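Asker: Dropping in query_6.txt, with compact mmCIF, C-alpha atoms.
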# COMPACT_ATOMS: atom_id res chain seq x y z
CA MET A 578 168.32 162.15 92.54
CA GLU A 579 169.80 160.81 89.31
CA LYS A 580 171.54 158.05 91.27
CA LEU A 581 168.18 156.83 92.54
CA GLU A 582 166.54 156.42 89.15
CA PRO A 583 167.68 152.76 88.76
CA PHE A 584 166.16 151.99 92.18
CA ILE A 585 162.86 153.58 91.18
CA GLU A 586 162.90 151.63 87.92
CA ALA A 587 163.41 148.35 89.81
CA ILE A 588 160.62 149.25 92.22
CA GLU A 589 158.19 150.07 89.39
CA GLN A 590 159.11 146.79 87.68
CA GLY A 591 158.53 144.88 90.93
CA ASN A 592 161.97 143.29 90.62
CA MET A 593 162.73 142.67 94.30
CA GLU A 594 165.86 140.59 93.73
CA LYS A 595 167.41 143.32 91.61
CA LEU A 596 166.33 146.00 94.08
CA ASN A 597 167.92 144.24 97.08
CA ASP A 598 171.14 143.59 95.17
CA MET A 599 171.31 147.26 94.22
CA ILE A 600 170.69 148.35 97.82
CA ASP A 601 173.46 146.06 99.13
CA SER A 602 175.89 147.42 96.56
CA PHE A 603 174.91 151.04 97.14
CA LEU A 604 175.36 150.85 100.92
CA ILE A 605 179.05 150.12 100.40
CA GLU A 606 179.51 153.49 98.70
CA PRO A 607 180.47 156.53 100.83
CA ASP A 608 177.39 158.55 99.91
CA SER A 609 175.31 158.85 103.08
CA GLU A 610 173.26 161.80 101.86
CA THR A 611 171.93 159.92 98.83
CA GLN A 612 171.48 156.80 100.94
CA TYR A 613 169.20 158.81 103.23
CA GLU A 614 167.27 160.00 100.17
CA LEU A 615 166.97 156.36 99.09
CA ALA A 616 165.39 155.47 102.44
CA ASP A 617 162.82 158.20 101.84
CA VAL A 618 162.05 156.92 98.33
CA LEU A 619 161.66 153.37 99.60
CA THR A 620 159.32 154.61 102.31
CA GLN A 621 157.18 156.50 99.79
CA TYR A 622 156.79 153.36 97.68
CA GLY A 623 155.88 151.27 100.73
CA TYR A 624 159.12 149.29 100.92
CA THR A 625 159.32 149.71 104.69
CA GLU A 626 161.68 146.86 105.54
CA GLU A 627 164.13 147.95 102.87
CA ALA A 628 163.95 151.55 104.12
CA ILE A 629 164.72 150.37 107.68
CA LYS A 630 167.68 148.41 106.35
CA VAL A 631 169.14 151.58 104.81
CA LEU A 632 168.45 153.67 107.92
CA ALA A 633 169.99 151.03 110.19
CA HIS A 634 173.13 151.12 108.03
CA LEU A 635 173.28 154.91 108.39
CA GLN A 636 172.70 154.59 112.14
CA PHE A 637 175.71 152.29 112.35
CA LEU A 638 177.78 154.94 110.59
CA PHE A 639 176.38 157.82 112.63
CA PRO A 640 175.36 156.40 116.04
CA GLU A 641 174.76 159.84 117.54
CA GLU A 642 172.35 160.95 114.79
CA SER A 643 169.04 160.81 116.66
CA GLN A 644 166.93 161.73 113.64
CA LEU A 645 167.74 158.30 112.21
CA LYS A 646 166.34 156.67 115.35
CA ILE A 647 163.09 158.58 114.97
CA ASP A 648 162.83 157.74 111.27
CA GLN A 649 163.32 154.04 111.99
CA ALA A 650 160.88 154.13 114.91
CA GLN A 651 158.15 155.61 112.76
CA LEU A 652 158.61 152.83 110.22
CA PHE A 653 158.62 150.16 112.95
CA LEU A 654 155.30 151.57 114.22
CA GLU A 655 153.86 151.22 110.72
CA MET A 656 154.89 147.56 110.83
CA ASP A 657 153.30 147.12 114.31
CA LYS A 658 156.72 146.47 115.80
CA GLU A 659 156.12 148.64 118.86
CA ASP A 660 158.94 147.28 121.03
CA GLU A 661 161.60 148.11 118.46
CA ALA A 662 160.09 151.57 117.95
CA LEU A 663 159.86 152.35 121.66
CA ASN A 664 163.44 151.23 122.28
CA LEU A 665 164.67 153.64 119.64
CA LEU A 666 162.52 156.57 120.74
CA THR A 667 163.36 156.26 124.43
CA SER A 668 167.06 156.13 123.57
CA VAL A 669 166.99 159.67 122.14
CA GLU A 670 168.86 161.92 124.56
CA LYS A 671 167.03 164.86 126.14
CA SER A 672 169.87 167.09 125.02
CA SER A 673 169.24 166.24 121.36
CA GLU A 674 167.63 168.94 119.23
CA VAL A 675 165.19 166.35 117.87
CA TYR A 676 164.10 165.20 121.35
CA PRO A 677 160.75 167.07 121.01
CA GLN A 678 160.15 165.17 117.76
CA ALA A 679 160.80 161.89 119.58
CA LEU A 680 158.31 162.95 122.25
CA LEU A 681 155.74 163.79 119.57
CA THR A 682 156.19 160.38 117.93
CA LEU A 683 155.76 158.72 121.33
CA ALA A 684 152.63 160.80 121.91
CA ASP A 685 151.22 159.69 118.56
CA TYR A 686 151.81 156.07 119.54
CA TYR A 687 150.21 156.37 122.98
CA GLN A 688 147.30 158.26 121.49
CA MET A 689 146.83 155.53 118.89
CA ILE A 690 146.55 152.83 121.58
CA GLY A 691 144.22 154.92 123.73
CA LEU A 692 146.65 156.01 126.48
CA TYR A 693 145.62 159.65 126.15
CA GLU A 694 146.96 160.80 129.50
CA VAL A 695 150.44 159.49 128.73
CA ALA A 696 150.28 160.97 125.22
CA GLU A 697 149.33 164.37 126.62
CA GLN A 698 152.22 164.23 129.08
CA LYS A 699 154.64 163.65 126.21
CA ILE A 700 153.20 166.54 124.21
CA ASP A 701 153.33 168.87 127.21
CA GLU A 702 156.96 167.92 127.80
CA ALA A 703 157.75 168.76 124.18
CA ILE A 704 155.86 172.08 124.34
CA ALA A 705 157.84 173.02 127.47
CA ILE A 706 160.98 172.75 125.33
CA MET A 707 159.53 174.42 122.19
CA PRO A 708 156.52 176.49 123.33
CA ASN A 709 155.93 178.14 119.95
CA GLU A 710 156.23 175.07 117.71
CA SER A 711 153.07 174.85 115.59
CA LEU A 712 153.17 171.07 115.15
CA LEU A 713 153.29 170.53 118.90
CA LEU A 714 150.46 172.97 119.56
CA TYR A 715 148.37 171.31 116.87
CA ALA A 716 149.08 167.89 118.42
CA LYS A 717 147.96 169.29 121.78
CA GLY A 718 144.74 170.54 120.22
CA GLU A 719 144.11 167.16 118.59
CA ILE A 720 144.44 165.21 121.83
CA LEU A 721 142.19 167.67 123.66
CA PHE A 722 139.67 167.21 120.86
CA GLU A 723 139.86 163.42 121.02
CA THR A 724 139.34 163.43 124.79
CA GLY A 725 136.25 165.61 124.54
CA ARG A 726 137.75 168.87 125.85
CA TYR A 727 136.41 170.84 122.93
CA LEU A 728 136.68 174.36 124.34
CA GLU A 729 140.31 173.81 125.37
CA ALA A 730 141.11 172.34 121.96
CA ALA A 731 139.51 175.31 120.19
CA ARG A 732 141.50 177.79 122.25
CA VAL A 733 144.78 176.09 121.39
CA LEU A 734 144.04 176.05 117.66
CA GLU A 735 142.67 179.61 117.66
CA ASN A 736 146.06 180.74 118.93
CA LEU A 737 147.61 179.08 115.87
CA LEU A 738 145.21 180.63 113.36
CA PRO A 739 146.77 184.13 113.19
CA LEU A 740 150.09 182.48 112.32
CA GLN A 741 148.87 180.01 109.69
CA ASP A 742 145.56 178.81 108.30
CA SER A 743 146.65 175.23 107.65
CA ILE A 744 149.02 172.68 109.11
CA GLN A 745 150.02 169.26 107.78
CA GLY A 746 147.38 169.64 105.09
CA VAL A 747 144.64 170.36 107.65
CA ASP A 748 142.56 173.50 107.15
CA LEU A 749 142.49 175.14 110.59
CA PRO A 750 139.20 177.07 110.18
CA LEU A 751 137.48 173.84 109.14
CA LYS A 752 139.08 171.98 112.04
CA LEU A 753 137.85 174.63 114.45
CA ALA A 754 134.37 174.38 112.96
CA GLU A 755 134.41 170.62 113.51
CA ILE A 756 135.65 171.01 117.10
CA TYR A 757 132.99 173.56 118.00
CA SER A 758 130.29 171.44 116.35
CA ALA A 759 131.45 168.36 118.25
CA GLY A 760 130.97 170.35 121.44
CA ALA A 761 127.53 171.54 120.27
CA ALA A 762 128.83 175.13 120.10
CA TYR A 763 127.21 175.62 116.71
CA GLU A 764 127.06 179.41 116.87
CA GLU A 765 130.85 179.52 117.27
CA ALA A 766 131.31 176.94 114.49
CA ILE A 767 129.36 178.86 111.83
CA PRO A 768 131.94 181.61 111.03
CA TYR A 769 134.67 178.98 110.71
CA TYR A 770 132.55 176.95 108.30
CA ALA A 771 132.02 180.17 106.30
CA GLU A 772 135.78 180.74 106.24
CA ALA A 773 136.41 177.17 105.08
CA LEU A 774 133.80 177.51 102.32
CA LYS A 775 135.58 180.58 100.96
CA LYS A 776 138.55 178.33 100.17
CA GLU A 777 136.70 175.29 98.89
CA VAL A 778 133.02 174.48 98.43
CA SER A 779 132.68 170.78 99.11
CA PRO A 780 129.57 168.67 99.84
CA ASP A 781 130.78 167.59 103.29
CA VAL A 782 131.56 171.12 104.44
CA LEU A 783 128.26 172.41 103.06
CA PHE A 784 126.33 169.68 104.89
CA HIS A 785 128.01 170.27 108.24
CA ALA A 786 127.71 174.03 107.86
CA ALA A 787 124.00 173.61 107.12
CA TYR A 788 123.60 171.34 110.13
CA ALA A 789 125.19 173.98 112.36
CA SER A 790 122.88 176.63 110.88
CA PHE A 791 119.89 174.34 111.48
CA GLN A 792 120.87 173.85 115.12
CA VAL A 793 120.87 177.61 115.78
CA GLN A 794 117.63 178.09 113.83
CA HIS A 795 119.23 179.88 110.88
CA TYR A 796 116.90 177.93 108.65
CA ASP A 797 117.09 180.11 105.54
CA THR A 798 120.88 179.83 105.54
CA ALA A 799 120.63 176.06 105.98
CA VAL A 800 118.23 175.79 103.05
CA ASN A 801 120.56 177.74 100.77
CA GLN A 802 123.54 175.61 101.75
CA LEU A 803 121.63 172.35 101.32
CA GLU A 804 120.17 173.33 97.96
CA ASN A 805 123.72 174.18 96.86
CA LEU A 806 124.97 170.86 98.21
CA LEU A 807 122.37 168.78 96.36
CA GLU A 808 123.01 170.69 93.16
CA ILE A 809 126.70 169.76 93.43
CA ASP A 810 126.06 166.19 94.55
CA PRO A 811 122.50 164.87 94.03
CA ASP A 812 123.53 161.59 95.66
CA TYR A 813 124.44 163.17 99.00
CA PHE A 814 121.56 161.33 100.61
CA SER A 815 121.62 162.78 104.13
CA GLY A 816 121.18 166.22 102.58
CA TYR A 817 117.59 165.40 101.57
CA MET A 818 116.50 164.60 105.10
CA LEU A 819 118.09 167.70 106.59
CA LEU A 820 116.62 169.88 103.84
CA ALA A 821 113.17 168.42 104.42
CA GLU A 822 113.48 168.95 108.18
CA THR A 823 114.61 172.53 107.62
CA TYR A 824 111.66 173.33 105.37
CA SER A 825 109.40 171.75 107.97
CA MET A 826 110.76 174.09 110.64
CA LEU A 827 109.97 176.99 108.32
CA GLU A 828 106.41 175.61 108.03
CA LYS A 829 107.00 175.10 104.31
CA ASN A 830 105.45 171.67 104.31
CA ALA A 831 105.00 171.35 100.54
CA GLU A 832 108.70 172.08 100.03
CA ALA A 833 109.56 169.63 102.79
CA LEU A 834 107.51 166.89 101.14
CA LYS A 835 109.11 167.63 97.77
CA ALA A 836 112.60 167.47 99.29
CA ILE A 837 112.00 164.10 100.93
CA THR A 838 110.32 162.60 97.87
CA ASN A 839 113.36 163.74 95.85
CA GLY A 840 115.40 161.80 98.37
CA ILE A 841 113.20 158.74 97.92
CA ALA A 842 113.70 158.98 94.17
CA ARG A 843 117.46 158.80 94.79
CA ASP A 844 117.37 156.12 97.48
CA GLU A 845 114.18 154.09 97.59
CA PHE A 846 115.50 151.82 100.36
CA GLU A 847 115.93 154.48 103.05
CA LYS A 848 113.17 153.82 105.58
CA GLU A 849 113.66 157.14 107.38
CA TYR A 850 112.71 159.02 104.22
CA TYR A 851 109.35 157.24 104.13
CA LEU A 852 108.75 157.85 107.82
CA PHE A 853 109.39 161.57 107.43
CA ALA A 854 107.25 161.68 104.29
CA GLY A 855 104.46 160.01 106.25
CA LYS A 856 104.74 162.52 109.09
CA ILE A 857 104.78 165.57 106.83
CA SER A 858 101.87 164.20 104.79
CA LEU A 859 99.85 163.86 108.00
CA LYS A 860 100.78 167.42 108.91
CA MET A 861 99.38 168.50 105.54
CA GLY A 862 96.22 166.46 106.03
CA LYS A 863 97.14 163.99 103.30
CA VAL A 864 96.04 160.90 105.20
CA LYS A 865 96.03 158.46 102.28
CA GLU A 866 99.52 159.49 101.20
CA ALA A 867 100.72 159.25 104.80
CA GLU A 868 99.43 155.69 105.08
CA SER A 869 101.22 154.73 101.89
CA PHE A 870 104.56 156.18 102.99
CA LEU A 871 104.33 154.56 106.42
CA GLN A 872 103.48 151.20 104.92
CA GLU A 873 106.51 151.49 102.64
CA ALA A 874 108.71 152.17 105.66
CA ILE A 875 107.37 149.10 107.46
CA ALA A 876 107.78 146.98 104.31
CA LEU A 877 111.47 147.90 104.37
CA ASP A 878 111.75 147.11 108.08
CA PRO A 879 108.95 145.09 109.71
CA GLU A 880 110.33 146.06 113.14
CA TYR A 881 110.44 149.80 112.47
CA MET A 882 108.70 150.85 115.67
CA ASP A 883 108.33 154.55 114.92
CA ALA A 884 106.50 153.86 111.67
CA ILE A 885 104.41 151.06 113.19
CA PHE A 886 103.27 153.25 116.08
CA ILE A 887 102.34 156.21 113.88
CA LEU A 888 100.46 154.02 111.39
CA SER A 889 98.69 152.15 114.20
CA SER A 890 97.70 155.44 115.80
CA LEU A 891 96.49 156.74 112.43
CA PHE A 892 94.39 153.64 111.73
CA SER A 893 92.92 153.86 115.22
CA LYS A 894 92.09 157.56 114.89
CA GLU A 895 90.50 156.96 111.49
CA GLU A 896 88.74 153.87 112.93
CA LYS A 897 90.19 151.74 110.16
CA ASP A 898 89.93 148.74 112.41
CA GLU A 899 90.26 146.01 109.76
CA GLU A 900 93.41 147.66 108.39
CA LEU A 901 94.88 147.90 111.89
CA ILE A 902 94.21 144.24 112.62
CA GLU A 903 95.62 143.28 109.22
CA LEU A 904 98.79 145.26 110.00
CA TYR A 905 99.13 143.41 113.29
CA GLU A 906 98.64 140.01 111.67
CA THR A 907 101.16 140.83 108.93
CA LEU A 908 103.77 141.81 111.49
CA LYS A 909 103.01 138.75 113.59
CA ASN A 910 103.61 136.57 110.53
CA GLU A 911 106.99 138.30 110.27
CA HIS A 912 107.66 137.10 113.84
CA PHE A 913 107.33 140.59 115.26
CA GLU A 914 104.89 141.51 117.99
CA TRP A 915 104.98 144.79 119.87
CA SER A 916 103.00 145.57 123.00
CA SER A 917 102.51 149.23 122.06
CA MET A 918 99.98 148.07 119.48
CA TYR A 919 97.78 146.33 122.08
CA PRO A 920 95.74 149.39 123.18
CA PHE A 921 94.94 150.22 119.55
CA LEU A 922 93.94 146.61 118.86
CA ALA A 923 91.79 146.47 121.98
CA ASP A 924 89.87 149.57 120.85
CA ALA A 925 89.57 148.20 117.32
CA PHE A 926 88.11 144.85 118.41
CA ASN A 927 85.80 146.69 120.82
CA ARG A 928 84.46 148.88 118.01
CA LEU A 929 84.01 145.78 115.86
CA GLU A 930 82.10 144.20 118.79
CA ILE A 931 84.53 141.29 118.93
CA TYR A 932 84.58 141.59 122.70
CA GLU A 933 86.53 138.44 123.53
CA LYS A 934 89.50 139.63 121.45
CA ALA A 935 89.10 143.16 122.81
CA TYR A 936 89.30 141.81 126.37
CA GLU A 937 92.39 139.79 125.46
CA PHE A 938 94.25 142.83 124.18
CA TYR A 939 93.04 145.13 126.97
CA LYS A 940 94.47 142.68 129.49
CA LEU A 941 97.75 142.45 127.58
CA ALA A 942 98.03 146.24 127.43
CA TYR A 943 97.07 146.60 131.10
CA THR A 944 100.26 144.89 132.30
CA GLU A 945 102.35 147.76 130.88
CA LEU A 946 99.95 150.73 131.10
CA LYS A 947 98.97 150.78 134.78
CA ASP A 948 100.13 154.38 135.04
CA ASP A 949 98.30 155.59 131.89
CA ALA A 950 95.08 157.19 133.07
CA GLN A 951 93.68 157.63 129.56
CA PHE A 952 94.04 153.92 128.79
CA LEU A 953 92.76 152.88 132.21
CA GLY A 954 89.66 155.04 131.74
CA LYS A 955 88.78 153.20 128.53
CA TYR A 956 89.55 149.86 130.11
CA VAL A 957 87.38 150.40 133.18
CA TYR A 958 84.32 151.28 131.09
CA PHE A 959 84.91 148.23 128.91
CA LEU A 960 85.13 145.99 132.00
CA LEU A 961 81.94 147.44 133.46
CA GLU A 962 80.07 146.94 130.18
CA GLU A 963 81.29 143.34 130.12
CA GLY A 964 80.11 142.80 133.70
CA LYS A 965 83.62 142.28 135.06
CA ARG A 966 83.08 144.40 138.17
CA GLU A 967 85.88 143.02 140.35
CA GLU A 968 88.47 143.70 137.69
CA ALA A 969 86.95 147.11 137.10
CA LEU A 970 87.29 147.97 140.81
CA GLU A 971 91.00 147.15 140.67
CA VAL A 972 91.44 149.53 137.75
CA ILE A 973 89.31 152.20 139.47
CA GLY A 974 91.65 152.01 142.46
CA LEU A 975 94.58 152.81 140.22
CA LEU A 976 92.69 155.70 138.65
CA GLN A 977 91.91 157.12 142.08
CA GLU A 978 95.63 157.18 142.85
CA LEU A 979 96.54 158.68 139.47
CA GLU A 980 93.74 161.28 139.40
CA PRO A 981 92.67 162.00 142.99
CA GLU A 982 90.99 165.22 141.84
CA ASN A 983 88.64 163.34 139.48
CA SER A 984 85.46 162.61 141.44
CA THR A 985 84.16 160.25 138.73
CA TRP A 986 86.41 157.43 139.91
CA PHE A 987 85.33 157.80 143.54
CA GLU A 988 81.66 157.83 142.63
CA MET A 989 82.06 154.43 140.95
CA THR A 990 82.95 152.65 144.17
Please, can you express the file's structure as structure tokens?
Answerer:
Amino acid sequence: MEKLEPFIEAIEQGNMEKLNDMIDSFLIEPDSETQYELADVLTQYGYTEEAIKVLAHLQFLFPEESQLKIDQAQLFLEMDKEDEALNLLTSVEKSSEVYPQALLTLADYYQMIGLYEVAEQKIDEAIAIMPNESLLLYAKGEILFETGRYLEAARVLENLLPLQDSIQGVDLPLKLAEIYSAGAAYEEAIPYYAEALKKEVSPDVLFHAAYASFQVQHYDTAVNQLENLLEIDPDYFSGYMLLAETYSMLEKNAEALKAITNGIARDEFEKEYYLFAGKISLKMGKVKEAESFLQEAIALDPEYMDAIFILSSLFSKEEKDEELIELYETLKNEHFEWSSMYPFLADAFNRLEIYEKAYEFYKLAYTELKDDAQFLGKYVYFLLEEGKREEALEVIGLLQELEPENSTWFEMT
């Protein structure tokens, strides 16, 4: 390694001219082992072209050394020179001991470009040669995972777990937890998350473990994990929403509201926090607070349909007709108009005895709600009160089809 120190010094100084001169001089020397080490050093520092130059020199000296072909191919792939890489990889003889490695490199390439079937064929061919090679089995599990065959992927990696708990820096219990979660097998994922957390408690693992616990209704466990997560990282924003939802499932509404307001304090521009806060406030009977949260959500996104619908419904239920109309006008000024508001507006104008506007919005709503018996019932009585009998008869006909057991609609004709 002492021979390579001048090369490292030139690299760290950024002296490319000196580096290339030194490489040219060094390749003349009969020291292939150190030259190979130099290629590795150059690769580590990101000097890919220079590393290929050294490897190509060694390949010229040792044309039958297939490992050099694979090393060069991997570097060519990094440089997006696929043709050069494929030519080298496909030239590796099947009789070579590194042929499975060439197959694995080819599989990585085909997987990268989305040719999963070809990639899997290459991996299977390599496994047929070396059936107990951990790297190949892990690669098989990865491609099964990427193609959505979660149970198959888990089985492959579970066979590896008794032999080793990590591979290429990947924690296998955590990987298995992720695979099972991706396949919605949360019950199976939970013990693997627990195993991963024994090694390292990290915010991401805590969050995903809590999510798995939430999905299988282990709410108390989820709460503990999320509280731990937010203590470690108070800016892990998605943790606040999941914690609030978990408390809500436990019917601990006050704790849920506190969790989401803590989230708002950390990120005041997250509209979903305000929506949830509005919903939980309504659940607690805190109507005024609910209105405020929902209005904040809409202020952040004037086209936030969930918040608009809930607030419109709330205003209608509370018969806050002026506020409902004001909300509509505000949104209209923002160039947003949504037909789901029309029934609420029709009722509001009707209650305010502004019948012309009520009729306008009832007609607008009618075009989309011809299969909504509750709306049609309101509409037909409005039409009859306004003396619009022919239109009312049309609506009554629809109600007779929707509710044939309701004699009221038949008695009207």
Asker: Quick one: pull the distance between CA of Gln612 (chain A) and CA of Glu670 (chain A), Å, one decimal.
Answerer: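 Spanning CA of Gln612 (chain A) to CA of Glu670 (chain A) is a straight-line distance of 24.3 Å.
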Asker: Within 10 Å of (113.7, 154.0, 108.9) in the file's own coordinates, which protein, DNA or RNA residues have an atom, counting only C-alpha atoms? List them as a PyMOL selection string.
Answerer: chain A and resi 846-853+871+873-875+877-878+880-884
Asker: Tell me which protein, DNA and RNA residues are within 12 Å of Glu930 (chain A), counting all atoms listed in the file, leaving out same-chain ones fewer than 5 positions away, and put them as a list in words.
Answerer: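 Those residues are Asp898, Ala923, Asp924, Ala925, Ala935, Tyr936, Phe959, Glu962 and Glu963 of chain A.
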Asker: Can you pull out the residues contacting region 711-723 of chain A? Cut-off 9 Å, using only C-alpha atoms, and skip same-chain residues under 2 positions away; I want them as a PyMOL selection string.
Answerer: chain A and resi 677-678+681+684-685+688+693+696-697+700-701+703-704+707-709+725-734+736-737+740-741+744-745+756+759
Asker: Once you have the residues from the selection above, write them out as a PDB file, keeping the file's coordinate frame, restricted to C-alpha atoms.
Answerer:
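Result file is selection-v6.pdb:
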ATOM      1  CA  PRO A 677     160.750 167.070 121.010  1.00  0.00           C
ATOM      2  CA  GLN A 678     160.150 165.170 117.760  1.00  0.00           C
ATOM      3  CA  LEU A 681     155.740 163.790 119.570  1.00  0.00           C
ATOM      4  CA  ALA A 684     152.630 160.800 121.910  1.00  0.00           C
ATOM      5  CA  ASP A 685     151.220 159.690 118.560  1.00  0.00           C
ATOM      6  CA  GLN A 688     147.300 158.260 121.490  1.00  0.00           C
ATOM      7  CA  TYR A 693     145.620 159.650 126.150  1.00  0.00           C
ATOM      8  CA  ALA A 696     150.280 160.970 125.220  1.00  0.00           C
ATOM      9  CA  GLU A 697     149.330 164.370 126.620  1.00  0.00           C
ATOM     10  CA  ILE A 700     153.200 166.540 124.210  1.00  0.00           C
ATOM     11  CA  ASP A 701     153.330 168.870 127.210  1.00  0.00           C
ATOM     12  CA  ALA A 703     157.750 168.760 124.180  1.00  0.00           C
ATOM     13  CA  ILE A 704     155.860 172.080 124.340  1.00  0.00           C
ATOM     14  CA  MET A 707     159.530 174.420 122.190  1.00  0.00           C
ATOM     15  CA  PRO A 708     156.520 176.490 123.330  1.00  0.00           C
ATOM     16  CA  ASN A 709     155.930 178.140 119.950  1.00  0.00           C
ATOM     17  CA  GLY A 725     136.250 165.610 124.540  1.00  0.00           C
ATOM     18  CA  ARG A 726     137.750 168.870 125.850  1.00  0.00           C
ATOM     19  CA  TYR A 727     136.410 170.840 122.930  1.00  0.00           C
ATOM     20  CA  LEU A 728     136.680 174.360 124.340  1.00  0.00           C
ATOM     21  CA  GLU A 729     140.310 173.810 125.370  1.00  0.00           C
ATOM     22  CA  ALA A 730     141.110 172.340 121.960  1.00  0.00           C
ATOM     23  CA  ALA A 731     139.510 175.310 120.190  1.00  0.00           C
ATOM     24  CA  ARG A 732     141.500 177.790 122.250  1.00  0.00           C
ATOM     25  CA  VAL A 733     144.780 176.090 121.390  1.00  0.00           C
ATOM     26  CA  LEU A 734     144.040 176.050 117.660  1.00  0.00           C
ATOM     27  CA  ASN A 736     146.060 180.740 118.930  1.00  0.00           C
ATOM     28  CA  LEU A 737     147.610 179.080 115.870  1.00  0.00           C
ATOM     29  CA  LEU A 740     150.090 182.480 112.320  1.00  0.00           C
ATOM     30  CA  GLN A 741     148.870 180.010 109.690  1.00  0.00           C
ATOM     31  CA  ILE A 744     149.020 172.680 109.110  1.00  0.00           C
ATOM     32  CA  GLN A 745     150.020 169.260 107.780  1.00  0.00           C
ATOM     33  CA  ILE A 756     135.650 171.010 117.100  1.00  0.00           C
ATOM     34  CA  ALA A 759     131.450 168.360 118.250  1.00  0.00           C
TER      35      ALA A 759
END
Asker: Return the single residue from A:His634, A:Glu822, A:Phe603, A:Arg843 that is closest to Lys856 (chain A), with distances computed using all atoms listed in the file.
Answerer: A:Glu822
Asker: Can you pull out every residue within 10 Å of Asp617 (chain A), counting all atoms listed in the file, but drop anything in the same chain fewer than 5 positions away, and send it as a list in words?
Answerer: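 My reading of the contact set: Thr611, Gln612, Tyr622, Gly623, Tyr624, Thr625, Ala628, Ile629, Val631, Leu632 and Asp648 of chain A.
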Asker: I want to know what sits within 9 Å of Phe987 (chain A), based on only C-alpha atoms, with residues of the same chain fewer than 3 positions away left out; could you give that as a PyMOL selection string?
Answerer: chain A and resi 973-974+977+981+983-984+990
Asker: Need the shell around Leu807 (chain A): protein/DNA/RNA residues with any atom at most 12 Å away, counting only C-alpha atoms. Skip same-chain ones fewer than 4 positions apart. Format as number ranges by chain?
Answerer: A: 779-781, 783-784, 787, 800-803, 811-820, 836, 839-840, 843
